[in-house]
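Participant: One structure coming up, written as structure tokens, with questions to follow.
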Amino acid sequence: MQKRMGEAVARVARKVNDTVENKTDSLELNLAGNYLHRLPEEVTSLLHLRAINLSRNRFRRFPEPLATVATLETINLEENEITEVPAEKLASMASLRSLNLRANPVGPEVRLLVRPLVPFDLLLSPEKPIPKA
């Protein structure tokens with residue numbers, strides 16, 4: 001299954017790169033609601049990827065192959081199971097303008113770590129109040 005997914009991403013990458021190199025368009029990839037829990041390394045070959053929608057999947061960590069896609073401007077990871085966020089890698093993504101992590105169980109330590117480091121819009125769900133005993 002993982003191999004087929006990687007091959008499909010590679011085919012998409014070739015088509016997208018041809019499309020953009022011919023100046024006909026840029027790419028927004030919508031993989032929302034597919035029960036994905038990781039991305040194949042082939043996603044790094046999407047040289048002209050500007051936006052990716054990975055909402056409503058099963059990621060527990062930020063999909064790190066995305067951190068190497070230099071053209072990414074928007075990442076939507078809403079409604080996943082993400083608790084870990086590589087703040088340093090995100091801070092190095094020069095093109096990134098928006099990261100949506102709403103409806104993910106990121107802890108307060110992630111909120112404190114990420115906020116001062118990131119130069120883009122970071123969308124998080126409001127913190128839930130601590131119940132009184």
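If you're wondering about the labels, chains in the structure tokens are A, B, ... by order shown, residues count from 1 in each chain, ligands from 1 in order shown.
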DSSP on the backbone, then: every residue of chain A marked alpha helix (DSSP H), written as a PyMOL selection string.
Facilitator: chain A and resi 2-21+87-91+108-114
Participant: Using only C-alpha atoms, which protein or nucleic acid residues come within 9 Å of region 79-86 of chain A? Drop anything in the same chain fewer than 5 positions from it, and give the result as a list in words.
Facilitator: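 The neighbour list is His37, Leu54, Ser55, Arg56, Asn57, Arg58, Phe59, Arg60, Arg61, Phe62, Glu64, Ala91, Leu101, Arg102, Ala103, Asn104, Pro105, Val106, Gly107, Val110 and Val114 of chain A.
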Participant: Between A:Ala87, A:Leu112, A:Glu7, A:Glu78, which is the closest to Leu124 (chain A) once you count only C-alpha atoms?
Facilitator: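 Nearest candidate to Leu124 (chain A) out of A:Ala87, A:Leu112, A:Glu7, A:Glu78: A:Glu78.
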Participant: I need the residue nearest Ser45 (chain A) from this list: A:Pro119, A:Pro126, A:Gly6, A:Pro108. Use only C-alpha atoms for the distance.
Facilitator: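 Going through A:Pro119, A:Pro126, A:Gly6, A:Pro108 one by one, the smallest distance to Ser45 (chain A) is for A:Gly6.
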Participant: Within region 4-71 of chain A, find each residue whose DSSP state, derived from the backbone, is strand (DSSP E or B), and express the selection as a VMD selection string.
Facilitator: chain A and resid 27 to 30 49 to 53 61
